[in-house]
Amino acid sequence: MNKNITAIFLTLSLLIALFFSSCKHKEEGYHSLTDKIQARSKHYKGTSISLEKHIEGLNLIEVTENEITFSIPTRKDQIKSFKCTECHIKPLKEMQNADIKKAHWNIKLKHANLEVMNCVTCHNGNNIDKLKSLTGHTIDFDKSYKLCSQCHHKQSKDWIGGAHGKRIGTWVPPRVSKTCVNCHNPHSPSFDTKWPARFNTQKVKERK
Amino acid sequence: MSRIDKYFKLNMNSATKQKTSGGCGCGSTSGTCKPQNQETAVKTTSCSCGSDSKSCRSHQEKSPISDEEFFKGAIDAAIGDERKKDGFDQVFDVKMDRRNAFKKLTASLLIGAGAVSSCTSIVSSNESKEKSQIDWEEQFKGNYKLMGDNEKKATVDRLVRSYQLRTGKNISMSSKNAEDDVLFGYAFNISKCQGYMDCVSACVEENNQDRNSQMQYIRIHEMKDGKGFNFNEADDNYYYEVPAEGHFYMGTQCFHCDNPPCVEVCPVQATWREDDGLVVVDYDWCVGCRYCMAACPYDGRRFNWSKPEVPEEEVNKTQHYLGNRMRKKGVVEKCTFCVQRSRAGENPACVEACPTGARVFGNLLDPDSTIRWVLENKKVFRLKEDLGTEPKFWYFID
């Protein structure tokens, strides 16, 4: 009888010991990486690292979308022939009729098909220095991402969060991201196929 | 715990003789060395430790230690010295027997002989003396992991000077430690990668990888649509216009596991996880056994079968001790998330180079970082998650 009790007691204490020891299989006492990230970011105080050199010479504007604030490069100072009104002195309709040289011959619209969009879907013929939304609201060239997000709302959401597009230079805050037109040509937004940057001839030899 | 002074120090250009005490490489502490024998040995042949024979003879003046002291010392040497030591201490501040002492001495004989011959020689220039001094100190430096900040700085300074002496070129090398409140993480967008391999090129240039063997840390695998992650049928060395019809691309590299199996198996602790999550290698401590390569489930590590060579004009001179400094033959290396860049606040070279924005890098501990947004809002997964290696490298799709 006594022996039985001792045996039961021993097994019980062993189980309890196992229970406690099995919970701490890592030296830091976290079950998983996610737990560790959760726990350690609770008291996040920021880092002392800062970097400025990557945004030197860049004009930035701050945007806030979906309660996320970050900066993007301005666009107007990057467009060679801005302001447009330097040539577009009259409304577009009148200029098309007038006997003047054809312009913008290098721009071919390779975006959606013509049933969906043409030049004036985005450009405002009456106020050529600005863009316009589908409902006719004025959009500044610097905030052209608003134009894109009308159709590409999924990409827009990802871009605002940081899953689409690129940050400029650094991972440390404050965040500076490229805007849509820094990577995509708005008139022909898809990427071309190209040759890979390198070919490993050594690997070919090794695999023979 | 009794602390023994360094019994041996080579200080080649200094005029002052060092005072020494305690044990000697000849094995006096083990008590097997008889004073009379030793005296003759010292008289007839000069001490094997090098030119400064004083340092070796010193123990003669002391009487042999008692058994009690010997046992105390033996225990100290075996388990008592758990405290962190660095530099010379790691190598010399241990009690040892004759066999061990000779082992260590032979291992360093070549370098020592070179150092001694050039330091005593009148003909050899100051530069070659300095070079030997550096070689000597580098030979006996400790494990980087255990070094204090001053020691880290000293070894980095030596390496920079040594490079300058050998090539006449200046490099900058950092020994920046992990920052508080930083845990690096990486996310890779499979839908965005087009297989351009710009990341691979940027990585090779940034990290001074061997051009002869065309080593590359990153592999971009071309996989067939609808077949899933089938690495057996994947090709990581394609050469035609990409993206190819009916294929998708995904990249692998070192995932900087939070529970890294490679670290576990290293017999000399030449690889470890830093506080900011980077798994790094001390190339000077690595013995080249390649256990880590066998343990890595992701093929993340590379071995230098030959001496890595990079044309002088292509060497990236912004270096970090744990990162892209020049490696030697017979050591393992791998992606370090470009420690020389990331700890300075920059993005790794692959992230910077990617034209499609498929690569997201950042601080996992910053709740407002982009990487955290990806992890919390996209459908993410990691490779071989069931192994429990906890890689800090997530894949996601649009």
# chains A, B, ... in the order shown; residues from 1 in each chain; ligands from 1
call {"tool": "select_by_dssp", "arguments": {"residues": "range 14-75 of chain A", "states": "strand (DSSP E or B)", "output": "PyMOL selection string"}}
result
chain A and resi 60-65+68-73
call {"tool": "write_last_selection", "arguments": {"atoms": "all heavy atoms", "output": "mmCIF file, in the first residue's frame"}}
result
data_model
loop_
_atom_site.group_PDB
_atom_site.id
_atom_site.type_symbol
_atom_site.label_atom_id
_atom_site.label_comp_id
_atom_site.auth_asym_id
_atom_site.auth_seq_id
_atom_site.Cartn_x
_atom_site.Cartn_y
_atom_site.Cartn_z
ATOM 1 N N LEU A 60 10.239 65.946 -50.871
ATOM 2 C CA LEU A 60 9.262 64.979 -50.384
ATOM 3 C C LEU A 60 7.973 65.669 -49.963
ATOM 4 O O LEU A 60 7.978 66.824 -49.540
ATOM 5 C CB LEU A 60 9.830 64.226 -49.171
ATOM 6 C CG LEU A 60 11.144 63.481 -49.383
ATOM 7 C CD1 LEU A 60 11.647 62.947 -48.061
ATOM 8 C CD2 LEU A 60 10.950 62.348 -50.375
ATOM 9 N N ILE A 61 6.894 64.929 -50.099
ATOM 10 C CA ILE A 61 5.659 65.384 -49.461
ATOM 11 C C ILE A 61 5.130 64.251 -48.595
ATOM 12 O O ILE A 61 5.319 63.073 -48.884
ATOM 13 C CB ILE A 61 4.554 65.808 -50.470
ATOM 14 C CG1 ILE A 61 4.338 64.732 -51.540
ATOM 15 C CG2 ILE A 61 4.846 67.149 -51.093
ATOM 16 C CD1 ILE A 61 3.028 64.896 -52.246
ATOM 17 N N GLU A 62 4.490 64.652 -47.515
ATOM 18 C CA GLU A 62 3.977 63.667 -46.579
ATOM 19 C C GLU A 62 2.546 63.304 -46.970
ATOM 20 O O GLU A 62 1.759 64.179 -47.319
ATOM 21 C CB GLU A 62 3.996 64.262 -45.171
ATOM 22 C CG GLU A 62 4.040 63.213 -44.094
ATOM 23 C CD GLU A 62 4.196 63.847 -42.726
ATOM 24 O OE1 GLU A 62 3.199 64.337 -42.184
ATOM 25 O OE2 GLU A 62 5.324 63.862 -42.226
ATOM 26 N N VAL A 63 2.256 62.024 -46.953
ATOM 27 C CA VAL A 63 0.881 61.605 -47.238
ATOM 28 C C VAL A 63 0.377 60.741 -46.075
ATOM 29 O O VAL A 63 1.156 60.050 -45.417
ATOM 30 C CB VAL A 63 0.779 60.779 -48.547
ATOM 31 C CG1 VAL A 63 1.142 61.641 -49.719
ATOM 32 C CG2 VAL A 63 1.647 59.550 -48.500
ATOM 33 N N THR A 64 -0.905 60.842 -45.808
ATOM 34 C CA THR A 64 -1.518 60.004 -44.782
ATOM 35 C C THR A 64 -2.718 59.307 -45.385
ATOM 36 O O THR A 64 -3.655 59.963 -45.846
ATOM 37 C CB THR A 64 -1.958 60.848 -43.576
ATOM 38 O OG1 THR A 64 -0.840 61.561 -43.089
ATOM 39 C CG2 THR A 64 -2.506 59.966 -42.465
ATOM 40 N N GLU A 65 -2.636 57.986 -45.444
ATOM 41 C CA GLU A 65 -3.742 57.189 -45.977
ATOM 42 C C GLU A 65 -3.958 56.019 -45.026
ATOM 43 O O GLU A 65 -2.997 55.460 -44.496
ATOM 44 C CB GLU A 65 -3.410 56.656 -47.377
ATOM 45 C CG GLU A 65 -3.108 57.709 -48.411
ATOM 46 C CD GLU A 65 -4.334 58.435 -48.936
ATOM 47 O OE1 GLU A 65 -5.440 57.845 -48.887
ATOM 48 O OE2 GLU A 65 -4.208 59.592 -49.379
ATOM 49 N N ILE A 68 -1.953 55.666 -41.995
ATOM 50 C CA ILE A 68 -0.507 55.440 -42.072
ATOM 51 C C ILE A 68 0.116 56.661 -42.741
ATOM 52 O O ILE A 68 -0.351 57.100 -43.792
ATOM 53 C CB ILE A 68 -0.186 54.158 -42.871
ATOM 54 C CG1 ILE A 68 -0.783 52.945 -42.155
ATOM 55 C CG2 ILE A 68 1.313 53.984 -43.049
ATOM 56 C CD1 ILE A 68 -0.703 51.657 -42.951
ATOM 57 N N THR A 69 1.140 57.206 -42.100
ATOM 58 C CA THR A 69 1.768 58.409 -42.629
ATOM 59 C C THR A 69 3.176 58.096 -43.112
ATOM 60 O O THR A 69 3.945 57.431 -42.416
ATOM 61 C CB THR A 69 1.846 59.501 -41.550
ATOM 62 O OG1 THR A 69 0.529 59.743 -41.060
ATOM 63 C CG2 THR A 69 2.429 60.777 -42.113
ATOM 64 N N PHE A 70 3.494 58.535 -44.324
ATOM 65 C CA PHE A 70 4.848 58.377 -44.848
ATOM 66 C C PHE A 70 5.077 59.425 -45.917
ATOM 67 O O PHE A 70 4.174 60.193 -46.245
ATOM 68 C CB PHE A 70 5.055 56.956 -45.403
ATOM 69 C CG PHE A 70 4.068 56.545 -46.453
ATOM 70 C CD1 PHE A 70 4.407 56.603 -47.805
ATOM 71 C CD2 PHE A 70 2.810 56.091 -46.104
ATOM 72 C CE1 PHE A 70 3.497 56.220 -48.782
ATOM 73 C CE2 PHE A 70 1.881 55.704 -47.081
ATOM 74 C CZ PHE A 70 2.228 55.774 -48.411
ATOM 75 N N SER A 71 6.290 59.474 -46.423
ATOM 76 C CA SER A 71 6.614 60.498 -47.418
ATOM 77 C C SER A 71 6.849 59.871 -48.774
ATOM 78 O O SER A 71 7.294 58.730 -48.871
ATOM 79 C CB SER A 71 7.866 61.259 -47.001
ATOM 80 O OG SER A 71 7.676 61.818 -45.740
ATOM 81 N N ILE A 72 6.546 60.632 -49.812
ATOM 82 C CA ILE A 72 6.835 60.195 -51.178
ATOM 83 C C ILE A 72 7.530 61.345 -51.906
ATOM 84 O O ILE A 72 7.363 62.504 -51.520
ATOM 85 C CB ILE A 72 5.554 59.777 -51.942
ATOM 86 C CG1 ILE A 72 4.518 60.904 -51.922
ATOM 87 C CG2 ILE A 72 4.986 58.494 -51.377
ATOM 88 C CD1 ILE A 72 3.326 60.660 -52.816
ATOM 89 N N PRO A 73 8.323 61.035 -52.932
ATOM 90 C CA PRO A 73 8.956 62.116 -53.692
ATOM 91 C C PRO A 73 7.901 62.898 -54.471
ATOM 92 O O PRO A 73 6.895 62.327 -54.904
ATOM 93 C CB PRO A 73 9.896 61.385 -54.660
ATOM 94 C CG PRO A 73 9.954 59.976 -54.193
ATOM 95 C CD PRO A 73 8.692 59.710 -53.450
#
call {"tool": "interface_residues", "arguments": {"of": "chain A", "to": "chain B", "cutoff": "8 Å", "atoms": "only C-alpha atoms", "output": "short mmCIF file (atom, residue, chain, number, x, y, z; two decimals) with N, CA and C atoms, in the first residue's frame"}}
result
data_model
loop_
_atom_site.label_atom_id
_atom_site.label_comp_id
_atom_site.auth_asym_id
_atom_site.auth_seq_id
_atom_site.Cartn_x
_atom_site.Cartn_y
_atom_site.Cartn_z
N SER A 32 7.29 30.72 -29.47
CA SER A 32 7.55 30.82 -30.90
C SER A 32 8.07 32.21 -31.20
N LEU A 33 8.53 32.35 -32.42
CA LEU A 33 9.06 33.64 -32.86
C LEU A 33 7.98 34.72 -32.78
N ILE A 37 8.23 38.23 -30.87
CA ILE A 37 8.05 39.53 -31.50
C ILE A 37 6.97 40.32 -30.76
N GLN A 38 5.87 39.64 -30.45
CA GLN A 38 4.78 40.31 -29.73
C GLN A 38 5.27 40.87 -28.41
N ARG A 40 8.36 41.36 -27.21
CA ARG A 40 9.45 42.33 -27.18
C ARG A 40 9.10 43.65 -27.83
N SER A 41 8.06 43.65 -28.68
CA SER A 41 7.72 44.93 -29.31
C SER A 41 6.75 45.73 -28.45
N TYR A 44 8.60 48.74 -27.25
CA TYR A 44 9.48 49.26 -28.29
C TYR A 44 9.71 50.76 -28.10
N LYS A 45 10.97 51.13 -28.05
CA LYS A 45 11.27 52.54 -27.79
C LYS A 45 11.89 53.23 -29.00
N GLY A 46 12.09 52.50 -30.06
CA GLY A 46 12.73 53.11 -31.22
C GLY A 46 14.22 52.86 -31.19
N THR A 47 14.86 53.06 -32.34
CA THR A 47 16.30 52.82 -32.41
C THR A 47 17.04 54.14 -32.52
N SER A 48 18.32 54.08 -32.23
CA SER A 48 19.12 55.30 -32.33
C SER A 48 19.65 55.49 -33.74
N ILE A 49 19.46 54.45 -34.58
CA ILE A 49 19.98 54.55 -35.95
C ILE A 49 19.14 55.55 -36.74
N SER A 50 19.80 56.42 -37.44
CA SER A 50 19.06 57.29 -38.34
C SER A 50 19.90 57.48 -39.59
N LEU A 51 19.23 57.73 -40.65
CA LEU A 51 19.94 57.83 -41.92
C LEU A 51 19.29 58.95 -42.72
N GLY A 161 0.41 50.09 -46.95
CA GLY A 161 0.92 49.29 -45.84
C GLY A 161 2.41 49.00 -45.97
N GLY A 162 2.88 48.83 -47.18
CA GLY A 162 4.31 48.58 -47.37
C GLY A 162 4.60 47.25 -48.04
N ALA A 163 3.54 46.53 -48.49
CA ALA A 163 3.78 45.24 -49.12
C ALA A 163 4.01 45.37 -50.62
N HIS A 164 3.63 46.49 -51.21
CA HIS A 164 3.84 46.72 -52.64
C HIS A 164 4.76 47.93 -52.78
N GLY A 165 5.66 47.86 -53.73
CA GLY A 165 6.53 49.00 -53.96
C GLY A 165 7.80 48.94 -53.14
N LYS A 166 8.52 50.03 -53.14
CA LYS A 166 9.84 50.03 -52.49
C LYS A 166 9.99 51.22 -51.57
N GLY A 169 15.99 53.54 -49.72
CA GLY A 169 17.22 53.52 -48.94
C GLY A 169 17.24 52.80 -47.63
N THR A 170 16.30 53.02 -46.78
CA THR A 170 16.48 52.60 -45.40
C THR A 170 15.27 51.88 -44.83
N TRP A 171 15.53 51.10 -43.78
CA TRP A 171 14.44 50.43 -43.08
C TRP A 171 14.03 51.21 -41.83
N VAL A 172 14.87 52.20 -41.43
CA VAL A 172 14.55 52.93 -40.21
C VAL A 172 13.50 54.00 -40.48
N PRO A 173 12.68 54.26 -39.49
CA PRO A 173 11.74 55.36 -39.66
C PRO A 173 12.48 56.70 -39.67
N CYS A 183 8.19 53.80 -60.33
CA CYS A 183 8.56 52.50 -60.92
C CYS A 183 7.78 52.24 -62.21
N THR A 193 9.78 41.96 -70.23
CA THR A 193 10.66 40.81 -69.95
C THR A 193 12.08 41.26 -70.23
N LYS A 194 13.04 40.63 -69.55
CA LYS A 194 14.44 40.96 -69.82
C LYS A 194 15.32 39.77 -69.46
N TRP A 195 16.59 39.87 -69.85
CA TRP A 195 17.52 38.79 -69.55
C TRP A 195 17.94 38.87 -68.09
N PRO A 196 18.15 37.73 -67.46
CA PRO A 196 18.61 37.77 -66.07
C PRO A 196 19.94 38.50 -65.97
N ALA A 197 20.19 39.07 -64.80
CA ALA A 197 21.39 39.88 -64.63
C ALA A 197 22.66 39.05 -64.71
N ARG A 198 22.56 37.75 -64.46
CA ARG A 198 23.79 36.94 -64.51
C ARG A 198 23.46 35.49 -64.81
N PHE A 199 24.47 34.81 -65.25
CA PHE A 199 24.35 33.39 -65.51
C PHE A 199 25.57 32.71 -64.91
N ASN A 200 25.35 31.70 -64.11
CA ASN A 200 26.44 31.07 -63.37
C ASN A 200 27.03 29.91 -64.16
N THR A 201 28.15 30.18 -64.83
CA THR A 201 28.74 29.14 -65.67
C THR A 201 29.39 28.04 -64.82
N GLN A 202 29.84 28.42 -63.64
CA GLN A 202 30.47 27.45 -62.74
C GLN A 202 29.47 26.37 -62.32
N LYS A 203 28.24 26.83 -62.07
CA LYS A 203 27.20 25.90 -61.64
C LYS A 203 26.90 24.89 -62.74
N VAL A 204 26.96 25.35 -63.98
CA VAL A 204 26.72 24.45 -65.11
C VAL A 204 27.76 23.34 -65.13
#
call {"tool": "closest_residue", "arguments": {"among": "A:Pro174, A:Cys87, A:His43, A:Leu134", "to": "Ile100 in chain A", "atoms": "only C-alpha atoms"}}
result
A:Cys87
call {"tool": "atom_distance", "arguments": {"atom1": "CA of Met96 in chain B", "atom2": "CA of Glu69 in chain B"}}
result
13.9 Å
call {"tool": "select_by_dssp", "arguments": {"residues": "range 120-311 of chain B", "states": "alpha helix (DSSP H)", "output": "JSON, numbers by chain"}}
result
{"B": [120, 126, 127, 128, 129, 130, 131, 132, 133, 134, 135, 136, 137, 138, 139, 149, 150, 151, 152, 153, 154, 155, 156, 157, 158, 159, 160, 161, 162, 163, 164, 165, 166, 167, 198, 199, 200, 201, 202, 203, 204, 205, 206, 261, 262, 263, 264, 265, 291, 292, 293, 294, 295]}
call {"tool": "atom_distance", "arguments": {"atom1": "CA of Thr318 in chain B", "atom2": "CA of Arg167 in chain A"}}
result
22.1 Å
call {"tool": "closest_residue", "arguments": {"among": "A:Phe82, A:His111, A:Ile160, A:Asn97", "to": "Arg175 in chain A", "atoms": "only C-alpha atoms"}}
result
A:Ile160
